[in-house]
Every structure is written in C-alpha cells, then in structure tokens.
Amino acid sequence: MPEGPSLIIAREALMPFKGKKIVHASGSAKIDHDRLNKTKLLDIRTWGKHLLLCFDGFTIRIHFLMFGTYYINSEKDSVPKLAFEFAKGYVNFYTCAVRLIEEPLDDIYDWSADVMSDQWDPKNARKKLKDHPDMLVTDALLDQDIFSGVGNIIKNEVLYRIKLHPKTRLADVPARKLTELIREAHDYAFDFLNWKKENTLRQHWLAHTKKICSRDGDHIHKEYLGKTKRRTFFCNTCQEYYH
DNA sequence: CCGGTTGTTCAGCG
DNA sequence: GCGCTGAACAACCG
C-alpha cells in the first residue's frame, strides 16, 4: 500500500464520497469522532504518502505506514482505525496513523516536493539536493522533504534505471546524472502507478528483490544502506559508484 | 510456521 | 538541543 502512487489510487477510489456527508464516524484512532459526525467530506487530496481528507476548517491525515489498507463498502475481520458511514456506502481504514490537522494545508505542505503532484518541481528538488552534499543518494530518494512519495521500491528501481550506485554522495553525482535522478524519481513513480493499476508491478521490478542483473547477468547485492538502513538492491557492475 | 518488510514516530541516551 | 539507536506499531507473503 504505502508508496506515493498507491495513494493516488486510494484517492481515486474515494472520490465518489467527495462532497458527501458522514452519517457516522467511528474507529480506534484517538481523535474526536464528534468533529466528523454530520460533516461533509469536502475534498480528498494527497501529499506523497499522506492521504488528506479535507473538512471545513480541518483535515484528517492518514498515513498507511507499512501495512495500512482501506476497504470501501466492505470490511475485514479487525477493528478499523477509522470508519466513515455515508448515506450510501462506507469506508474503513486499517492499520494506519490518523491525525487531525488544524493548520491550513498550504502552511505545512510543500506541494512541489510531491513527485505525484502537478506542482512537482524538479528545480526545487535540485536546490534541496545541493544543500546536502554528504547525503547518500539512497537516503536522498527516501527523504520525504525532497522526494515526497518515493519509497524503498521506487528508490531501488530509480537507482538501477539510471545506473547509479546507492552509496554515491550527492556531491559526487555528475550534474547530468543528477538531472536523471530527479527526472526518474518522477517518471518511475508514474510507471509504478500504471503497473500497480494493472496488477503487474512486481513483474516489472528490475532490481528490487532480484538476484541477477538483467543487463549483465551479475549478482544483485542486497545490503541495508544509508541512515535509514533500508533494504537496497544494486548491481556493482552496471551501477556506477562515483567517489 | 516463522521471518521479513512498500514506514514513521518517539523515547532515551550521550 | 543535537544526532543516533532501538522500540513500537502490526499484517501479509513466501
């Protein structure tokens, strides 16, 4: 569920409820459900991995973390974190972090950082990357302030696609390669979205969970790299290590 | 059946 | 106040 493209799918699935009134809100999330009862769901937005349910004067932010899911007009056998009942239909959110946000969204979200957004701005991303010369590219792609919506799968696939070694420091990335990094973070996310919709995402992975490099037949390494120590799959032969 | 993980936040420590 | 670590959360897949 968690990476940015999946949130686009979630938003689309929820759009039928836009403008509809919540008849009853419930769930185990520690929020004031009374604020939701009999209020209209004005809009559904996303910022990276955040699902934003907009109401008059506040927003419910849902983060699906690793295992979060949602069921529309159906449920599974566990207590939802949050559940909305409309006059026609209902939604259940499971295993997610729910938070009520009072601030205007424009005050707290940099929309240009979201690789899935119309407002995604490669130039801003480049500026931010310049500010972190010692950051490894494997960490940079996971930085939600720079590449909001990019997760570990997208990270691995982008680095493989542009033939860049995950341990490369940002300062050592050639300018042209940096352009590719930024472009591919956006482009691969949309390939991810399309494949996810077709249910063919897994079969399109070239590096993530792979053992053999399809370019040169070499072994794909699996290491836990960077500050975040996340699973990183890479080929030492075709992914150039600049240092 | 167990181990691992598409992620984030927070407490605790030096 | 900082950076770092580890825990907590929790469900599905192989």
# chains A, B, ... in the order shown; residues from 1 in each chain; ligands from 1
>>> interface_residues(of="chain A", to="chain B", cutoff="7 Å", atoms="only C-alpha atoms (C1' of nucleotides)", output="VMD selection string")
chain A and resid 1 to 3 65 to 66 151 to 153
>>> write_last_selection(atoms="N, CA and C atoms", output="PDB file, in the first residue's frame")
ATOM      1  N   MET A   1       0.808  -1.222   0.000  1.00  0.00           N
ATOM      2  CA  MET A   1       0.000   0.000   0.000  1.00  0.00           C
ATOM      3  C   MET A   1       0.853   1.290   0.000  1.00  0.00           C
ATOM      4  N   PRO A   2       1.880   1.409   0.766  1.00  0.00           N
ATOM      5  CA  PRO A   2       2.416   2.704   1.183  1.00  0.00           C
ATOM      6  C   PRO A   2       2.990   3.700   0.174  1.00  0.00           C
ATOM      7  N   GLU A   3       3.591   3.370  -0.917  1.00  0.00           N
ATOM      8  CA  GLU A   3       4.290   4.413  -1.670  1.00  0.00           C
ATOM      9  C   GLU A   3       3.326   5.362  -2.384  1.00  0.00           C
ATOM     10  N   LEU A  65       1.615   3.827   6.671  1.00  0.00           N
ATOM     11  CA  LEU A  65       2.836   3.178   7.151  1.00  0.00           C
ATOM     12  C   LEU A  65       3.153   1.979   6.251  1.00  0.00           C
ATOM     13  N   MET A  66       3.570   0.845   6.864  1.00  0.00           N
ATOM     14  CA  MET A  66       3.934  -0.325   6.044  1.00  0.00           C
ATOM     15  C   MET A  66       2.729  -1.154   5.632  1.00  0.00           C
ATOM     16  N   GLY A 151       9.260   5.707  -2.069  1.00  0.00           N
ATOM     17  CA  GLY A 151       9.515   4.703  -1.043  1.00  0.00           C
ATOM     18  C   GLY A 151      10.652   3.802  -1.456  1.00  0.00           C
ATOM     19  N   ASN A 152      10.842   2.743  -0.711  1.00  0.00           N
ATOM     20  CA  ASN A 152      12.022   1.910  -0.890  1.00  0.00           C
ATOM     21  C   ASN A 152      12.057   1.182  -2.234  1.00  0.00           C
ATOM     22  N   ILE A 153      10.906   0.791  -2.739  1.00  0.00           N
ATOM     23  CA  ILE A 153      10.875   0.109  -4.033  1.00  0.00           C
ATOM     24  C   ILE A 153      11.257   1.090  -5.139  1.00  0.00           C
TER      25      ILE A 153
END
>>> select_by_dssp(residues="segment 83-222 of chain A", states="strand (DSSP E)", output="PyMOL selection string")
chain A and resi 83-86+90-94+97-101+221-222
>>> write_last_selection(atoms="N, CA, C and O atoms", output="mmCIF file, in the first residue's frame")
data_model
loop_
_atom_site.group_PDB
_atom_site.id
_atom_site.type_symbol
_atom_site.label_atom_id
_atom_site.label_comp_id
_atom_site.auth_asym_id
_atom_site.auth_seq_id
_atom_site.Cartn_x
_atom_site.Cartn_y
_atom_site.Cartn_z
ATOM 1 N N ALA A 83 -13.483 4.702 10.569
ATOM 2 C CA ALA A 83 -14.555 4.221 9.704
ATOM 3 C C ALA A 83 -15.551 5.357 9.465
ATOM 4 O O ALA A 83 -15.938 6.049 10.410
ATOM 5 N N PHE A 84 -15.917 5.547 8.223
ATOM 6 C CA PHE A 84 -16.916 6.558 7.859
ATOM 7 C C PHE A 84 -18.125 5.857 7.269
ATOM 8 O O PHE A 84 -17.984 5.035 6.374
ATOM 9 N N GLU A 85 -19.287 6.249 7.779
ATOM 10 C CA GLU A 85 -20.516 5.732 7.186
ATOM 11 C C GLU A 85 -21.225 6.891 6.499
ATOM 12 O O GLU A 85 -21.495 7.928 7.136
ATOM 13 N N PHE A 86 -21.490 6.743 5.228
ATOM 14 C CA PHE A 86 -22.220 7.755 4.474
ATOM 15 C C PHE A 86 -23.652 7.265 4.267
ATOM 16 O O PHE A 86 -23.975 6.119 4.596
ATOM 17 N N TYR A 90 -19.753 3.065 2.656
ATOM 18 C CA TYR A 90 -18.901 3.276 3.826
ATOM 19 C C TYR A 90 -17.451 2.961 3.499
ATOM 20 O O TYR A 90 -17.150 2.313 2.494
ATOM 21 N N VAL A 91 -16.570 3.484 4.353
ATOM 22 C CA VAL A 91 -15.133 3.302 4.166
ATOM 23 C C VAL A 91 -14.503 2.885 5.484
ATOM 24 O O VAL A 91 -14.840 3.432 6.530
ATOM 25 N N ASN A 92 -13.593 1.927 5.439
ATOM 26 C CA ASN A 92 -12.841 1.514 6.618
ATOM 27 C C ASN A 92 -11.351 1.660 6.354
ATOM 28 O O ASN A 92 -10.847 1.201 5.324
ATOM 29 N N PHE A 93 -10.644 2.285 7.298
ATOM 30 C CA PHE A 93 -9.187 2.406 7.212
ATOM 31 C C PHE A 93 -8.566 1.568 8.318
ATOM 32 O O PHE A 93 -8.948 1.693 9.476
ATOM 33 N N TYR A 94 -7.608 0.715 7.932
ATOM 34 C CA TYR A 94 -6.965 -0.169 8.907
ATOM 35 C C TYR A 94 -5.466 0.103 9.026
ATOM 36 O O TYR A 94 -4.820 0.475 8.048
ATOM 37 N N ALA A 97 -1.820 5.475 10.630
ATOM 38 C CA ALA A 97 -1.680 6.561 11.605
ATOM 39 C C ALA A 97 -2.649 7.661 11.206
ATOM 40 O O ALA A 97 -2.622 8.157 10.088
ATOM 41 N N VAL A 98 -3.542 8.003 12.122
ATOM 42 C CA VAL A 98 -4.572 9.009 11.859
ATOM 43 C C VAL A 98 -4.296 10.244 12.706
ATOM 44 O O VAL A 98 -4.049 10.126 13.907
ATOM 45 N N ARG A 99 -4.311 11.401 12.071
ATOM 46 C CA ARG A 99 -4.100 12.630 12.832
ATOM 47 C C ARG A 99 -5.013 13.732 12.316
ATOM 48 O O ARG A 99 -5.242 13.839 11.118
ATOM 49 N N LEU A 100 -5.526 14.516 13.256
ATOM 50 C CA LEU A 100 -6.357 15.645 12.861
ATOM 51 C C LEU A 100 -5.474 16.891 12.763
ATOM 52 O O LEU A 100 -4.737 17.207 13.690
ATOM 53 N N ILE A 101 -5.518 17.546 11.626
ATOM 54 C CA ILE A 101 -4.674 18.715 11.367
ATOM 55 C C ILE A 101 -5.532 19.965 11.339
ATOM 56 O O ILE A 101 -6.531 20.022 10.616
ATOM 57 N N HIS A 221 23.327 -7.272 -5.410
ATOM 58 C CA HIS A 221 23.619 -7.261 -3.973
ATOM 59 C C HIS A 221 22.411 -6.777 -3.187
ATOM 60 O O HIS A 221 21.687 -5.892 -3.634
ATOM 61 N N LYS A 222 22.259 -7.340 -2.000
ATOM 62 C CA LYS A 222 21.263 -6.842 -1.061
ATOM 63 C C LYS A 222 21.995 -6.367 0.186
ATOM 64 O O LYS A 222 22.644 -7.163 0.867
#
>>> interface_residues(of="chain A", to="chain C", cutoff="12 Å", atoms="only C-alpha atoms (C1' of nucleotides)", output="PDB file with C-alpha atoms, in the first residue's frame")
ATOM      1  CA  MET A   1       0.000   0.000   0.000  1.00  0.00           C
ATOM      2  CA  PHE A  64      -0.692   3.872   5.909  1.00  0.00           C
ATOM      3  CA  LEU A  65       2.836   3.178   7.151  1.00  0.00           C
ATOM      4  CA  MET A  66       3.934  -0.325   6.044  1.00  0.00           C
ATOM      5  CA  PHE A  67       0.787  -2.370   6.362  1.00  0.00           C
ATOM      6  CA  GLY A  68      -2.112   0.012   6.137  1.00  0.00           C
ATOM      7  CA  THR A  69      -5.159  -0.743   3.985  1.00  0.00           C
ATOM      8  CA  LYS A  76     -12.221  -7.196   7.155  1.00  0.00           C
ATOM      9  CA  ASP A  77     -12.143  -9.033  10.418  1.00  0.00           C
ATOM     10  CA  SER A  78     -10.478  -6.421  12.609  1.00  0.00           C
ATOM     11  CA  TYR A  94      -6.965  -0.169   8.907  1.00  0.00           C
ATOM     12  CA  THR A  95      -3.516  -0.133  10.458  1.00  0.00           C
ATOM     13  CA  CYS A  96      -2.773   3.465   9.721  1.00  0.00           C
ATOM     14  CA  ALA A  97      -1.680   6.561  11.605  1.00  0.00           C
ATOM     15  CA  LYS A 227      20.953   6.405   7.568  1.00  0.00           C
ATOM     16  CA  THR A 228      17.688   4.582   7.290  1.00  0.00           C
ATOM     17  CA  LYS A 229      19.385   1.175   6.811  1.00  0.00           C
TER      18      LYS A 229
END
>>> select_by_dssp(residues="segment 120-220 of chain A", states="helix (DSSP H, G or I)", output="PyMOL selection string")
chain A and resi 122-130+137-140+152-161+170-172+175-198+202-204
>>> residues_around(residues="Ser117 of chain A", least_positions_apart="2", cutoff="10 Å", atoms="only C-alpha atoms (C1' of nucleotides)", output="ChimeraX atom specification")
/A:4,8,46-48,111-115,119-121,148-149,186
>>> write_last_selection(atoms="all heavy atoms", output="CSV table (one decimal), in the first residue's frame")
chain,number,residue,atom,x,y,z
A,4,GLY,N,3.9,6.5,-2.8
A,4,GLY,CA,3.0,7.6,-3.3
A,4,GLY,C,2.0,7.2,-4.4
A,4,GLY,O,0.8,7.6,-4.3
A,8,ILE,N,-2.4,7.7,-4.8
A,8,ILE,CA,-3.2,8.3,-6.0
A,8,ILE,C,-4.4,7.3,-6.2
A,8,ILE,O,-5.5,7.8,-6.5
A,8,ILE,CB,-2.3,8.4,-7.2
A,8,ILE,CG1,-1.2,9.4,-7.0
A,8,ILE,CG2,-3.2,8.8,-8.4
A,8,ILE,CD1,-1.5,10.8,-6.6
A,46,THR,N,-3.8,14.3,-1.7
A,46,THR,CA,-2.7,13.5,-1.2
A,46,THR,C,-1.4,14.4,-1.3
A,46,THR,O,-1.3,15.3,-2.0
A,46,THR,CB,-2.4,12.3,-2.1
A,46,THR,OG1,-2.1,12.7,-3.5
A,46,THR,CG2,-3.6,11.3,-2.2
A,47,TRP,N,-0.5,14.1,-0.4
A,47,TRP,CA,0.8,14.7,-0.4
A,47,TRP,C,1.8,13.5,-0.2
A,47,TRP,O,1.9,13.0,1.0
A,47,TRP,CB,1.0,15.8,0.6
A,47,TRP,CG,2.4,16.4,0.6
A,47,TRP,CD1,2.9,17.4,-0.3
A,47,TRP,CD2,3.5,16.0,1.4
A,47,TRP,NE1,4.2,17.6,-0.1
A,47,TRP,CE2,4.6,16.8,1.0
A,47,TRP,CE3,3.7,15.1,2.4
A,47,TRP,CZ2,5.9,16.7,1.5
A,47,TRP,CZ3,5.0,15.0,3.0
A,47,TRP,CH2,6.1,15.8,2.6
A,48,GLY,N,2.5,13.1,-1.2
A,48,GLY,CA,3.3,11.9,-1.0
A,48,GLY,C,2.6,10.7,-0.5
A,48,GLY,O,1.6,10.3,-1.1
A,111,TRP,N,4.0,21.4,-1.7
A,111,TRP,CA,3.4,20.6,-2.8
A,111,TRP,C,4.4,20.3,-3.9
A,111,TRP,O,4.3,19.3,-4.6
A,111,TRP,CB,2.1,21.2,-3.4
A,111,TRP,CG,1.1,21.5,-2.3
A,111,TRP,CD1,0.9,22.8,-1.8
A,111,TRP,CD2,0.3,20.6,-1.6
A,111,TRP,NE1,-0.1,22.7,-0.8
A,111,TRP,CE2,-0.5,21.4,-0.7
A,111,TRP,CE3,0.1,19.2,-1.7
A,111,TRP,CZ2,-1.4,20.8,0.1
A,111,TRP,CZ3,-0.9,18.7,-0.9
A,111,TRP,CH2,-1.6,19.4,0.0
A,112,SER,N,5.4,21.2,-4.1
A,112,SER,CA,6.4,21.0,-5.1
A,112,SER,C,7.3,19.8,-4.9
A,112,SER,O,8.1,19.4,-5.7
A,112,SER,CB,7.2,22.2,-5.3
A,112,SER,OG,8.2,22.4,-4.4
A,113,ALA,N,7.3,19.3,-3.6
A,113,ALA,CA,8.1,18.1,-3.3
A,113,ALA,C,7.5,16.8,-3.6
A,113,ALA,O,8.2,15.8,-3.7
A,113,ALA,CB,8.4,18.2,-1.8
A,114,ASP,N,6.2,16.8,-3.9
A,114,ASP,CA,5.4,15.6,-4.1
A,114,ASP,C,5.6,15.1,-5.6
A,114,ASP,O,5.1,15.8,-6.5
A,114,ASP,CB,4.0,15.8,-3.8
A,114,ASP,CG,3.1,14.6,-4.1
A,114,ASP,OD1,3.7,13.5,-4.4
A,114,ASP,OD2,1.9,14.7,-3.9
A,115,VAL,N,6.3,14.0,-5.8
A,115,VAL,CA,6.6,13.5,-7.1
A,115,VAL,C,5.3,13.2,-7.9
A,115,VAL,O,5.3,13.2,-9.2
A,115,VAL,CB,7.5,12.3,-7.2
A,115,VAL,CG1,8.9,12.7,-6.6
A,115,VAL,CG2,7.0,11.1,-6.4
A,119,GLN,N,2.2,19.9,-9.2
A,119,GLN,CA,3.1,21.0,-8.8
A,119,GLN,C,4.5,20.6,-8.5
A,119,GLN,O,5.3,21.4,-8.1
A,119,GLN,CB,2.5,21.7,-7.5
A,119,GLN,CG,1.2,22.4,-7.8
A,119,GLN,CD,0.6,23.0,-6.5
A,119,GLN,OE1,1.2,23.8,-5.8
A,119,GLN,NE2,-0.6,22.5,-6.1
A,120,TRP,N,4.8,19.3,-8.7
A,120,TRP,CA,6.1,18.7,-8.6
A,120,TRP,C,7.1,19.6,-9.4
A,120,TRP,O,6.9,19.9,-10.5
A,120,TRP,CB,6.2,17.3,-9.1
A,120,TRP,CG,7.6,16.8,-9.5
A,120,TRP,CD1,8.0,16.5,-10.7
A,120,TRP,CD2,8.7,16.5,-8.6
A,120,TRP,NE1,9.3,16.0,-10.7
A,120,TRP,CE2,9.7,16.0,-9.4
A,120,TRP,CE3,8.8,16.6,-7.2
A,120,TRP,CZ2,10.9,15.6,-8.8
A,120,TRP,CZ3,10.0,16.2,-6.7
A,120,TRP,CH2,11.1,15.7,-7.5
A,121,ASP,N,8.2,20.0,-8.7
A,121,ASP,CA,9.1,21.0,-9.3
A,121,ASP,C,10.6,20.5,-9.2
A,121,ASP,O,11.2,20.5,-8.2
A,121,ASP,CB,9.0,22.3,-8.6
A,121,ASP,CG,9.9,23.4,-9.3
A,121,ASP,OD1,10.7,23.0,-10.1
A,121,ASP,OD2,9.7,24.6,-8.9
A,148,SER,N,8.9,13.6,-1.9
A,148,SER,CA,7.7,13.1,-1.2
A,148,SER,C,6.9,12.1,-2.0
A,148,SER,O,6.6,12.3,-3.2
A,148,SER,CB,6.8,14.3,-0.9
A,148,SER,OG,5.6,13.8,-0.4
A,149,GLY,N,6.7,10.9,-1.4
A,149,GLY,CA,6.0,9.8,-2.1
A,149,GLY,C,6.9,8.7,-2.5
A,149,GLY,O,6.4,7.6,-2.8
A,186,HIS,N,10.4,10.9,-10.6
A,186,HIS,CA,9.1,11.3,-11.0
A,186,HIS,C,8.5,10.3,-12.0
A,186,HIS,O,7.4,9.7,-11.9
A,186,HIS,CB,9.1,12.7,-11.7
A,186,HIS,CG,7.8,13.1,-12.4
A,186,HIS,ND1,7.6,12.8,-13.7
A,186,HIS,CD2,6.7,13.7,-11.9
A,186,HIS,CE1,6.4,13.2,-14.0
A,186,HIS,NE2,5.8,13.8,-13.0
>>> atom_distance(atom1="atom CA of Ile220 of chain A", atom2="atom CA of Phe233 of chain A")
6.2 Å
>>> atom_distance(atom1="atom CA of Leu82 of chain A", atom2="atom CA of Glu103 of chain A")
20.8 Å
>>> atom_distance(atom1="atom CA of Val150 of chain A", atom2="atom CA of Ala189 of chain A")
7.4 Å
>>> residues_around(residues="Lys88 of chain A", least_positions_apart="4", cutoff="12 Å", atoms="only C-alpha atoms (C1' of nucleotides)", output="NGL selection string")
:A and (16-17 or 20-24 or 72-73 or 84)
>>> closest_residue(among="A:Ala171, A:Asp110, A:Ser74, A:Leu7", to="Ile62 of chain A", atoms="only C-alpha atoms")
A:Leu7
